[in-house]
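**Q** work-v1.cif is reproduced below (mmCIF, C-alpha atoms and all ligand atoms).
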data_final
#
loop_
_atom_site.label_atom_id
_atom_site.label_comp_id
_atom_site.auth_asym_id
_atom_site.auth_seq_id
_atom_site.Cartn_x
_atom_site.Cartn_y
_atom_site.Cartn_z
CA MET Y 1 -25.85 -21.19 24.43
CA ASP Y 2 -27.33 -20.87 27.94
CA ALA Y 3 -27.02 -17.76 30.10
CA GLY Y 4 -24.07 -19.12 32.06
CA ALA Y 5 -22.12 -20.00 28.92
CA LEU Y 6 -22.91 -16.57 27.50
CA ALA Y 7 -21.59 -14.91 30.63
CA ARG Y 8 -18.42 -17.03 30.56
CA ALA Y 9 -17.89 -16.24 26.87
CA ARG Y 10 -18.35 -12.55 27.57
CA ALA Y 11 -15.93 -12.67 30.50
CA ALA Y 12 -13.36 -14.48 28.33
CA ALA Y 13 -13.77 -11.92 25.57
CA LEU Y 14 -13.43 -9.07 28.04
CA SER Y 15 -10.30 -10.48 29.63
CA ALA Y 16 -8.81 -11.08 26.17
CA GLY Y 17 -9.64 -7.49 25.18
CA ALA Y 18 -8.35 -6.18 28.49
CA MET Y 19 -4.77 -6.67 27.29
CA ASP Y 20 -5.34 -5.32 23.79
CA THR Y 21 -3.83 -2.29 22.15
CA VAL Y 22 -6.32 -0.95 19.61
CA ALA Y 23 -5.77 1.61 16.86
CA LEU Y 24 -8.89 3.71 16.28
CA ILE Y 25 -8.68 5.49 12.93
CA VAL Y 26 -10.99 8.50 12.69
CA ALA Y 27 -12.18 8.62 9.08
CA ALA Y 28 -15.64 10.16 9.45
CA GLY Y 29 -14.74 13.65 8.23
CA ARG Y 30 -16.04 15.22 5.04
CA GLY Y 31 -12.75 17.04 4.27
CA VAL Y 32 -13.03 17.98 0.60
CA ARG Y 33 -10.66 21.00 0.73
CA ALA Y 34 -7.93 18.75 -0.68
CA GLY Y 35 -9.86 18.45 -3.94
CA GLY Y 36 -10.56 15.34 -5.98
CA GLY Y 37 -14.31 15.47 -5.34
CA LEU Y 38 -14.41 13.00 -2.47
CA PRO Y 39 -13.43 12.99 1.22
CA LYS Y 40 -9.64 13.22 1.39
CA GLN Y 41 -9.20 9.94 3.26
CA TYR Y 42 -10.52 8.11 0.18
CA ARG Y 43 -8.40 10.01 -2.35
CA ALA Y 44 -5.51 8.15 -3.96
CA LEU Y 45 -2.00 8.85 -2.72
CA GLY Y 46 0.68 7.12 -4.77
CA GLY Y 47 -1.97 4.91 -6.37
CA GLU Y 48 -3.55 3.78 -3.07
CA PRO Y 49 -6.36 5.32 -1.00
CA VAL Y 50 -5.06 7.46 1.87
CA LEU Y 51 -7.16 5.43 4.34
CA SER Y 52 -5.72 2.12 3.22
CA ARG Y 53 -2.16 3.46 3.64
CA THR Y 54 -3.00 4.69 7.13
CA LEU Y 55 -4.58 1.38 8.12
CA ARG Y 56 -1.69 -0.69 6.81
CA ALA Y 57 0.76 1.37 8.89
CA PHE Y 58 -1.03 0.17 12.02
CA LEU Y 59 -1.87 -3.34 10.81
CA ARG Y 60 1.79 -4.15 10.21
CA HIS Y 61 2.95 -2.73 13.55
CA GLY Y 62 3.81 -5.58 15.91
CA ARG Y 63 2.38 -3.95 19.05
CA ILE Y 64 -1.14 -3.27 17.68
CA ASP Y 65 -3.70 -6.03 18.25
CA ARG Y 66 -6.78 -4.57 16.55
CA VAL Y 67 -7.44 -1.82 14.04
CA MET Y 68 -10.87 -0.21 13.73
CA CYS Y 69 -12.23 2.76 11.79
CA VAL Y 70 -14.91 5.30 12.50
CA ILE Y 71 -16.50 6.20 9.18
CA HIS Y 72 -19.24 8.47 7.90
CA PRO Y 73 -22.53 6.60 7.29
CA ASP Y 74 -22.51 7.86 3.67
CA ASP Y 75 -19.09 6.32 2.99
CA LEU Y 76 -19.83 2.59 3.37
CA ALA Y 77 -19.12 1.83 -0.30
CA LEU Y 78 -15.96 3.98 -0.36
CA TYR Y 79 -14.79 2.28 2.83
CA ALA Y 80 -15.44 -1.22 1.45
CA ALA Y 81 -13.48 -0.41 -1.71
CA ALA Y 82 -10.57 1.19 0.16
CA THR Y 83 -10.18 -1.59 2.73
CA HIS Y 84 -10.83 -4.69 0.63
CA GLY Y 85 -8.88 -7.64 2.02
CA LEU Y 86 -7.52 -5.85 5.11
CA PRO Y 87 -8.07 -7.65 8.46
CA LEU Y 88 -10.08 -4.95 10.24
CA ALA Y 89 -12.64 -4.91 13.00
CA GLN Y 90 -16.16 -3.89 11.93
CA PRO Y 91 -16.17 -0.08 11.51
CA ALA Y 92 -18.13 2.19 13.83
CA LEU Y 93 -20.38 4.84 12.32
CA GLY Y 94 -19.44 8.42 13.07
CA ARG Y 95 -21.64 11.22 14.38
CA ALA Y 96 -22.02 14.89 13.56
CA THR Y 97 -18.89 16.04 15.41
CA ARG Y 98 -15.39 14.64 15.72
CA GLN Y 99 -15.88 14.25 19.47
CA GLY Y 100 -19.09 12.29 18.86
CA SER Y 101 -17.36 10.09 16.28
CA VAL Y 102 -14.44 9.25 18.58
CA LEU Y 103 -16.85 8.39 21.38
CA ALA Y 104 -18.80 6.11 19.01
CA GLY Y 105 -15.55 4.38 18.11
CA LEU Y 106 -14.49 3.95 21.73
CA GLU Y 107 -17.89 2.50 22.64
CA ALA Y 108 -17.62 0.09 19.70
CA ILE Y 109 -14.17 -1.09 20.84
CA GLY Y 110 -15.80 -2.03 24.14
CA CYS Y 111 -12.76 -3.23 26.02
CA ALA Y 112 -9.01 -2.71 25.62
CA ALA Y 113 -5.92 -1.81 27.62
CA ARG Y 114 -4.73 1.01 25.39
CA VAL Y 115 -6.08 2.89 22.42
CA LEU Y 116 -4.29 4.98 19.81
CA ILE Y 117 -6.62 7.57 18.27
CA HIS Y 118 -5.34 8.60 14.85
CA ASP Y 119 -6.43 10.85 11.99
CA ALA Y 120 -7.10 8.87 8.79
CA ALA Y 121 -5.55 11.78 6.87
CA ARG Y 122 -2.09 11.12 8.35
CA PRO Y 123 -1.00 8.11 6.26
CA LEU Y 124 2.77 8.56 6.62
CA VAL Y 125 2.93 7.50 10.26
CA ALA Y 126 6.23 5.78 11.02
CA PRO Y 127 6.55 2.72 13.28
CA ALA Y 128 8.96 4.65 15.52
CA LEU Y 129 6.35 7.36 16.17
CA ILE Y 130 3.78 4.72 17.19
CA ASP Y 131 6.41 3.18 19.48
CA ARG Y 132 7.18 6.51 21.19
CA VAL Y 133 3.49 7.04 22.01
CA LEU Y 134 3.02 3.48 23.28
CA ASP Y 135 6.20 3.63 25.39
CA ALA Y 136 5.02 6.84 27.07
CA LEU Y 137 1.77 5.13 28.09
CA ASP Y 138 3.76 2.97 30.52
CA ASP Y 139 4.02 6.02 32.80
CA SER Y 140 1.10 8.24 31.77
CA LEU Y 141 -2.62 7.90 31.12
CA GLY Y 142 -2.16 9.73 27.83
CA ALA Y 143 0.62 10.56 25.36
CA VAL Y 144 0.67 12.83 22.32
CA PRO Y 145 3.31 13.61 19.69
CA VAL Y 146 4.17 17.31 19.40
CA LEU Y 147 6.38 19.43 17.17
CA PRO Y 148 7.91 22.84 17.84
CA VAL Y 149 6.58 25.93 16.07
CA ALA Y 150 9.24 27.27 13.73
CA ASP Y 151 7.48 30.23 12.09
CA THR Y 152 6.88 33.52 13.84
CA LEU Y 153 3.29 33.77 15.00
CA CYS Y 154 1.07 36.83 15.15
CA ARG Y 155 -2.57 37.70 15.63
CA VAL Y 156 -4.80 38.98 12.87
CA ASP Y 157 -4.08 42.57 13.99
CA GLY Y 158 -0.35 41.90 13.62
CA ALA Y 159 0.40 41.67 17.33
CA PRO Y 160 3.17 39.12 17.86
CA VAL Y 161 2.54 35.89 19.74
CA GLY Y 162 5.50 34.32 21.53
CA ARG Y 163 6.39 30.79 20.42
CA ASP Y 164 7.55 29.76 23.89
CA GLY Y 165 5.39 27.00 25.25
CA LEU Y 166 3.57 26.48 21.96
CA TYR Y 167 3.57 23.16 20.13
CA ARG Y 168 1.84 21.63 17.14
CA VAL Y 169 -0.08 18.52 18.20
CA GLN Y 170 -0.17 15.43 15.99
CA THR Y 171 -1.65 11.95 16.14
CA PRO Y 172 -1.60 9.08 17.04
CA GLN Y 173 -2.66 10.14 20.51
CA GLY Y 174 -2.43 7.26 22.96
CA PHE Y 175 -4.46 6.65 26.09
CA ARG Y 176 -5.25 4.03 28.64
CA PHE Y 177 -8.57 2.89 27.29
CA ASP Y 178 -10.78 3.20 30.38
CA ALA Y 179 -9.47 6.69 31.17
CA ILE Y 180 -10.16 8.17 27.72
CA LEU Y 181 -13.54 6.45 27.44
CA SER Y 182 -14.61 7.99 30.76
CA ALA Y 183 -13.28 11.40 29.71
CA HIS Y 184 -15.23 11.28 26.44
CA ARG Y 185 -18.41 10.12 28.13
CA ALA Y 186 -18.17 12.95 30.64
CA SER Y 187 -17.18 15.68 28.18
CA THR Y 188 -19.65 18.45 27.47
CA ASP Y 189 -17.34 20.08 24.91
CA ASP Y 190 -19.02 18.80 21.79
CA LEU Y 191 -16.65 20.67 19.49
CA ALA Y 192 -13.39 19.29 20.89
CA THR Y 193 -11.06 18.57 17.97
CA ASP Y 194 -8.30 17.01 19.98
CA ASP Y 195 -8.46 14.05 22.34
CA ALA Y 196 -5.44 15.16 24.36
CA GLY Y 197 -7.12 18.48 25.15
CA LEU Y 198 -10.27 16.69 26.18
CA ALA Y 199 -8.24 14.30 28.34
CA ARG Y 200 -6.39 17.17 30.04
CA ALA Y 201 -9.69 18.92 30.73
CA ALA Y 202 -10.79 15.71 32.46
CA GLY Y 203 -7.70 15.82 34.66
CA LEU Y 204 -5.66 13.08 32.95
CA ASP Y 205 -1.89 13.43 32.76
CA VAL Y 206 -0.85 13.58 29.10
CA ALA Y 207 2.82 13.22 28.22
CA PHE Y 208 4.49 14.88 25.22
CA VAL Y 209 6.66 12.78 22.93
CA PRO Y 210 8.59 14.04 19.90
CA GLY Y 211 6.40 14.15 16.78
CA ASP Y 212 7.45 13.51 13.20
CA GLU Y 213 7.15 16.02 10.34
CA THR Y 214 6.49 13.14 7.94
CA ALA Y 215 3.28 12.27 9.79
CA MET Y 216 1.69 15.46 8.45
CA LYS Y 217 -2.05 15.79 8.05
CA LEU Y 218 -3.22 15.92 4.44
CA THR Y 219 -5.60 18.85 4.16
CA GLU Y 220 -4.83 21.02 1.14
CA PRO Y 221 -3.94 19.97 -2.42
CA HIS Y 222 -0.29 20.92 -1.84
CA ASP Y 223 -0.16 18.50 1.11
CA PHE Y 224 -0.91 15.68 -1.33
CA LEU Y 225 1.86 16.87 -3.65
CA ARG Y 226 4.34 16.92 -0.76
CA ALA Y 227 3.26 13.49 0.44
CA GLU Y 228 3.58 12.06 -3.09
CA ALA Y 229 7.12 13.45 -3.28
CA LEU Y 230 7.98 11.92 0.12
CA LEU Y 231 6.59 8.55 -0.97
CA ALA Y 232 8.54 8.64 -4.23
CA SER Y 233 11.76 9.43 -2.41
CA ALA Y 234 11.10 6.55 -0.01
CA LEU Y 235 10.84 3.93 -2.77
CA VAL Y 236 13.62 1.38 -2.96
CA THR Y 237 14.98 -0.15 -6.16
CA ARG Y 238 14.44 -3.86 -6.74
CA MET Y 239 15.75 -5.84 -9.70
CA GLY Y 240 14.55 -9.23 -10.91
CA THR Y 241 15.49 -11.62 -13.69
CA GLY Y 242 13.51 -14.11 -15.75
CA PHE Y 243 14.36 -16.91 -18.16
CA ASP Y 244 12.12 -19.02 -20.40
CA VAL Y 245 12.44 -21.71 -23.07
CA HIS Y 246 9.96 -23.30 -25.44
CA ALA Y 247 10.66 -26.11 -27.91
CA PHE Y 248 9.71 -25.68 -31.55
CA GLY Y 249 6.94 -27.96 -32.83
CA PRO Y 250 4.56 -28.16 -35.74
CA GLY Y 251 3.10 -24.87 -36.91
CA ASP Y 252 3.59 -21.84 -39.10
CA HIS Y 253 4.00 -18.98 -36.60
CA ILE Y 254 5.17 -18.12 -33.10
CA MET Y 255 4.18 -15.41 -30.61
CA LEU Y 256 7.18 -13.32 -29.58
CA CYS Y 257 7.04 -10.23 -27.36
CA GLY Y 258 3.33 -9.96 -28.07
CA LEU Y 259 3.67 -10.13 -31.88
CA LYS Y 260 2.64 -12.95 -34.21
CA LEU Y 261 5.65 -13.81 -36.40
CA ASN Y 262 5.55 -16.15 -39.38
CA HIS Y 263 7.93 -19.08 -38.88
CA ASP Y 264 8.49 -22.56 -40.26
CA HIS Y 265 7.60 -23.99 -36.82
CA GLY Y 266 5.27 -23.22 -33.93
CA VAL Y 267 6.14 -23.72 -30.24
CA LEU Y 268 5.02 -26.44 -27.82
CA ALA Y 269 3.32 -24.68 -24.91
CA HIS Y 270 0.29 -24.71 -22.63
CA SER Y 271 -0.25 -20.99 -23.24
CA ASP Y 272 0.70 -19.19 -26.45
CA GLY Y 273 4.37 -19.92 -25.62
CA ASP Y 274 5.66 -16.36 -25.87
CA VAL Y 275 9.15 -16.71 -24.31
CA GLY Y 276 9.73 -12.94 -24.37
CA LEU Y 277 6.64 -12.05 -22.36
CA HIS Y 278 7.13 -15.06 -20.05
CA ALA Y 279 10.70 -14.02 -19.20
CA LEU Y 280 9.58 -10.42 -18.61
CA THR Y 281 6.71 -11.56 -16.38
CA ASP Y 282 9.10 -13.65 -14.29
CA ALA Y 283 11.55 -10.75 -14.06
CA ILE Y 284 8.84 -8.47 -12.63
CA LEU Y 285 7.64 -11.16 -10.21
CA GLY Y 286 11.27 -11.68 -9.20
CA ALA Y 287 11.73 -8.00 -8.40
CA LEU Y 288 8.58 -8.17 -6.27
CA GLY Y 289 9.78 -11.35 -4.54
CA ASP Y 290 6.38 -12.82 -5.41
CA GLY Y 291 6.88 -16.32 -6.81
CA ASP Y 292 7.05 -17.03 -10.52
CA ILE Y 293 4.78 -17.30 -13.54
CA GLY Y 294 4.08 -20.97 -12.74
CA SER Y 295 2.80 -20.16 -9.24
CA HIS Y 296 0.51 -17.39 -10.53
CA PHE Y 297 -0.67 -19.21 -13.67
CA PRO Y 298 -0.26 -22.98 -13.09
CA PRO Y 299 0.19 -24.93 -16.36
CA THR Y 300 -2.23 -27.49 -14.92
CA ASP Y 301 -4.99 -24.86 -14.91
CA GLU Y 302 -7.24 -25.17 -17.96
CA ARG Y 303 -7.98 -21.44 -17.81
CA TRP Y 304 -4.49 -20.74 -19.22
CA ARG Y 305 -4.64 -23.21 -22.14
CA GLY Y 306 -3.73 -21.20 -25.20
CA ALA Y 307 -3.85 -18.01 -23.15
CA ALA Y 308 -2.45 -14.82 -24.67
CA SER Y 309 0.63 -14.03 -22.62
CA ASP Y 310 0.00 -10.29 -22.48
CA ALA Y 311 -2.49 -11.13 -19.69
CA PHE Y 312 0.38 -12.64 -17.62
CA LEU Y 313 2.52 -9.55 -18.09
CA ALA Y 314 -0.35 -7.18 -17.34
CA HIS Y 315 -1.10 -9.17 -14.16
CA ALA Y 316 2.50 -8.78 -12.96
CA ALA Y 317 2.29 -5.03 -13.61
CA GLN Y 318 -0.98 -4.90 -11.66
CA LEU Y 319 0.80 -6.50 -8.69
CA VAL Y 320 3.45 -3.76 -8.87
CA ALA Y 321 0.76 -1.06 -8.88
CA GLU Y 322 -1.06 -2.66 -5.93
CA ARG Y 323 2.18 -2.44 -3.92
CA GLY Y 324 2.44 1.26 -4.74
CA GLY Y 325 5.47 0.59 -6.94
CA VAL Y 326 6.50 1.58 -10.45
CA ILE Y 327 8.31 -0.21 -13.25
CA ASP Y 328 11.42 1.79 -14.16
CA HIS Y 329 12.88 -0.33 -16.93
CA LEU Y 330 12.62 -3.69 -18.69
CA ASP Y 331 15.25 -5.44 -20.79
CA VAL Y 332 14.67 -8.71 -22.66
CA THR Y 333 17.08 -10.73 -24.80
CA ILE Y 334 15.70 -13.24 -27.32
CA ILE Y 335 18.02 -16.19 -27.96
CA CYS Y 336 17.50 -18.04 -31.27
CA GLU Y 337 18.88 -18.54 -34.78
CA ARG Y 338 15.49 -17.92 -36.41
CA PRO Y 339 13.19 -16.06 -36.69
CA LYS Y 340 15.20 -12.89 -37.16
CA VAL Y 341 14.23 -10.46 -34.39
CA GLY Y 342 15.89 -7.29 -35.71
CA PRO Y 343 13.17 -6.28 -38.19
CA HIS Y 344 10.53 -6.56 -35.42
CA ARG Y 345 12.49 -5.02 -32.55
CA GLU Y 346 10.79 -1.60 -32.51
CA ALA Y 347 7.31 -3.10 -32.89
CA MET Y 348 8.08 -5.45 -29.96
CA ARG Y 349 9.20 -2.55 -27.75
CA ALA Y 350 6.03 -0.66 -28.64
CA ARG Y 351 3.83 -3.69 -27.94
CA ILE Y 352 5.40 -4.38 -24.52
CA ALA Y 353 5.19 -0.68 -23.59
CA ASP Y 354 1.55 -0.67 -24.64
CA ILE Y 355 0.67 -3.73 -22.51
CA LEU Y 356 2.26 -2.10 -19.45
CA GLY Y 357 1.41 1.56 -19.99
CA LEU Y 358 5.11 2.44 -20.17
CA SER Y 359 6.98 4.63 -22.62
CA VAL Y 360 8.97 2.86 -25.32
CA ALA Y 361 12.15 4.34 -23.81
CA GLN Y 362 11.57 2.16 -20.72
CA VAL Y 363 11.61 -1.08 -22.75
CA SER Y 364 14.64 -2.69 -24.37
CA VAL Y 365 14.47 -5.67 -26.75
CA LYS Y 366 17.70 -7.37 -27.83
CA ALA Y 367 18.50 -10.58 -29.68
CA THR Y 368 21.39 -12.97 -30.01
CA THR Y 369 22.21 -16.33 -31.51
CA THR Y 370 24.28 -18.97 -29.73
CA GLU Y 371 26.69 -19.32 -32.69
CA ALA Y 372 24.97 -22.51 -33.86
CA LEU Y 373 25.71 -24.17 -30.48
CA GLY Y 374 23.23 -25.90 -28.18
CA PHE Y 375 19.48 -26.36 -28.58
CA THR Y 376 18.91 -22.87 -29.90
CA GLY Y 377 21.84 -23.31 -32.28
CA ARG Y 378 20.29 -26.53 -33.59
CA ARG Y 379 17.01 -24.62 -33.98
CA GLU Y 380 15.21 -27.01 -31.62
CA GLY Y 381 13.70 -24.19 -29.59
CA ILE Y 382 13.78 -20.54 -28.54
CA ALA Y 383 14.79 -18.90 -25.26
CA ALA Y 384 14.56 -15.47 -23.64
CA GLN Y 385 16.07 -13.85 -20.60
CA ALA Y 386 14.90 -10.61 -19.05
CA ALA Y 387 15.66 -8.11 -16.33
CA ALA Y 388 13.14 -5.83 -14.62
CA THR Y 389 14.01 -2.80 -12.50
CA LEU Y 390 11.25 -1.58 -10.19
CA ARG Y 391 10.89 0.99 -7.43
CA VAL Y 392 8.67 -0.23 -4.60
CA PRO Y 393 7.83 0.90 -1.07
CA PHE Y 394 10.13 -0.63 1.49
CA GLU Y 395 8.06 -3.15 3.44
CA GLY Y 396 10.72 -4.57 5.68
CA ASP Y 397 10.59 -5.32 9.37
CA PRO Y 398 8.81 -2.38 11.01
CA ALA Y 399 11.12 -2.71 14.02
MG MG K 401 7.05 -20.19 -20.94
#
Output the structure of this file as structure tokens.
Ligand code: MG
**A**
Amino acid sequence: MDAGALARARAAALSAGAMDTVALIVAAGRGVRAGGGLPKQYRALGGEPVLSRTLRAFLRHGRIDRVMCVIHPDDLALYAAATHGLPLAQPALGRATRQGSVLAGLEAIGCAARVLIHDAARPLVAPALIDRVLDALDDSLGAVPVLPVADTLCRVDGAPVGRDGLYRVQTPQGFRFDAILSAHRASTDDLATDDAGLARAAGLDVAFVPGDETAMKLTEPHDFLRAEALLASALVTRMGTGFDVHAFGPGDHIMLCGLKLNHDHGVLAHSDGDVGLHALTDAILGALGDGDIGSHFPPTDERWRGAASDAFLAHAAQLVAERGGVIDHLDVTIICERPKVGPHREAMRARIADILGLSVAQVSVKATTTEALGFTGRREGIAAQAAATLRVPFEGDPA
């Protein structure tokens, strides 16, 4: 590329960036007060790293064009593990102070219209809070969410401090990009912990918008407990069903709900043909709204020839965990004349619970015949139907 083309490419990139709204997530802190032996932004919250929850809140917001982190140089491996698969800009490396880290992030962004600077340790940031900050930037160079002070305040000597005019300041703090970059470059207050304060000191107008108690900063161990409780209460119930059939063929045993049962036939199947586990797998995938067993494990794929079906069920459960969800209950009904299921029922419940890490009380196994009617009545094959009840985070339209 010649110099002219380079200049044109740079101008195009700058003009593209000039309209951007960028979320800059400050994750360079060492905060280990919360426990767990690693910086709090990498600790798990509801089965997912705090940082990844925070990032996804911005990535799925329709008004954010780019999301970038500032991270500690020692945390590259933690960052890679926590952000695997997320469409992020290359992270900036933080410096010794928060102010230095934010400046490094702003410099790395390069060009944008607006920037939201947000603490990585505030994962429960609602779309509406982001919207309030962005809306306020239409009329101000900066905007910060604030909350009133409810408790009585006093100094260490007991002297009361009036609450009038006092607010608690949260993030995301929004700014017109050029204004906050200039303010940071000019600041001599190396220990500034708050971008709004730094902006005000530089003479920028900073608007207040209503904050959100849910967007609390995770600092102490009890903050994690409170956030876990909030997440659990925010889960929604989803139910899915599954159905599966396999024809009997030559053989002397079948796999059913993870157990090998002696039988006067085998089943015709690409995998081990376990109708119980196949129906349960489809029920879980159904509750997730994530395709079916055939789309995850195509019968044309040689990898699944003769495969043990507990791997399919465990994979479905893994998908639930990756969404931050939990399996509440499973119920499967085996439909056949033979083999008799009753004598194996409790062992089947235990096996399914074991595959999924559930308690036996969360798994139901039932059986019925079809009164000698139809293909199961003629003993030509075996069927199963299942229901799965999950609780998963609501991931609907952020608007
Ligand atoms: Mg099947």
**Q** Which residues sit within 8 Å of ligand MG 401 (chain K), counting only C-alpha atoms and all ligand atoms, listed as JSON, numbers by chain?
**A** {"Y": [244, 245, 246, 269, 271, 273, 274, 275, 278, 279]}
**Q** In the coordinates of the file, take the point (5.3, -8.7, -13.1) and a cut-off of 6 Å; then, counting all atoms listed in the file, name each qualifying protein, DNA or RNA residue as a list in words.
**A**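 Applying the cut-off with all atoms listed in the file, one gets Thr281, Ile284, Leu285, Leu313, Ala316 and Ala317 of chain Y.
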**Q** If we count only C-alpha atoms, what is near Y:Ala353 at a cut-off of 12 Å, once residues fewer than 5 positions away on the same chain are taken out, given as a PyMOL selection string?
**A** chain Y and resi 257-258+277+280+310+313-314+317+327-331+346-348+358-365
**Q** Between atom CA of Y:Asp135 and atom CA of Y:Ala234, measure the distance and give it in Å to one decimal.
**A** 26.0 Å
**Q** Using all atoms listed in the file, find each residue of stretch 99-185 of chain Y with at least one atom at most 9 Å away from an atom of stretch 198-209 of chain Y; report its shortest atom-to-atom pair and that distance in Å (one decimal), sort the rows by chain and rising residue number, and return the result as a tab-separated table.
**A**
residue	atom	partner	partner_atom	distance
Y:Leu129	CA	Y:Val209	CA	8.7
Y:Arg132	CA	Y:Val209	CA	6.5
Y:Val133	CA	Y:Val209	CA	6.6
Y:Ala136	CA	Y:Ala207	CA	6.8
Y:Leu137	CA	Y:Ala207	CA	8.2
Y:Asp139	CA	Y:Ala207	CA	8.6
Y:Ser140	CA	Y:Asp205	CA	6.1
Y:Leu141	CA	Y:Asp205	CA	5.8
Y:Gly142	CA	Y:Val206	CA	4.3
Y:Ala143	CA	Y:Ala207	CA	4.5
Y:Val144	CA	Y:Phe208	CA	5.2
Y:Pro145	CA	Y:Val209	CA	4.7
Y:Val146	CA	Y:Val209	CA	6.3
Y:Leu147	CA	Y:Val209	CA	8.8
Y:Gly174	CA	Y:Val206	CA	9.0
Y:Phe175	CA	Y:Val206	CA	8.4
Y:Ala179	CA	Y:Leu204	CA	7.6
Y:Ile180	CA	Y:Ala199	CA	6.5
Y:Ser182	CA	Y:Ala202	CA	8.8
Y:Ala183	CA	Y:Ala202	CA	5.7
Y:His184	CA	Y:Leu198	CA	7.3
**Q** Which residue, Y:Asp65, Y:Asp264, Y:Asp194, Y:Glu220, has the smallest gap to Y:Pro339 when you use only C-alpha atoms?
**A**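 Going through Y:Asp65, Y:Asp264, Y:Asp194, Y:Glu220 one by one, the smallest distance to Y:Pro339 is for Y:Asp264.
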**Q** Rounded to one decimal, what separation in Å do you get between atom CA of Y:Leu235 and atom CA of Y:Ser52?
**A**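 Result for atom CA of Y:Leu235 versus atom CA of Y:Ser52: 17.7 Å, one decimal.
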**Q** From the options Y:Gly377, Y:Gly47, Y:Pro160, Y:Pro91, which residue's atoms come nearest to Y:Val67, counting only C-alpha atoms?
**A** Y:Pro91
**Q** Between atom CA of Y:Leu259 and atom CA of Y:Gly357, what is the distance in Å, rounded to a tenth?
**A** 16.8 Å
**Q** Leaving out Y:Ala113 and any residue of its chain fewer than 4 positions from it, which residues lie within 7 Å of it when counting only C-alpha atoms, given as number ranges by chain?
**A** Y: 18-21, 176-177
**Q** Which residue out of Y:Leu116, Y:Val26, Y:Leu124, Y:Leu51 has the minimum interatomic distance to Y:Leu230 when all atoms listed in the file are used?
**A** Y:Leu124
**Q** With distances taken over only C-alpha atoms, which of Y:Gln318, Y:Thr219, Y:Asn262, Y:Gln170 is nearest to Y:Gly197?
**A** Y:Gln170
**Q** Could you check which of Y:Gly325, Y:Leu390, Y:Lys260, Y:Thr188 is closest to Y:Arg351, using all atoms listed in the file?
**A**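 Closest to Y:Arg351, using all atoms listed in the file: Y:Lys260.
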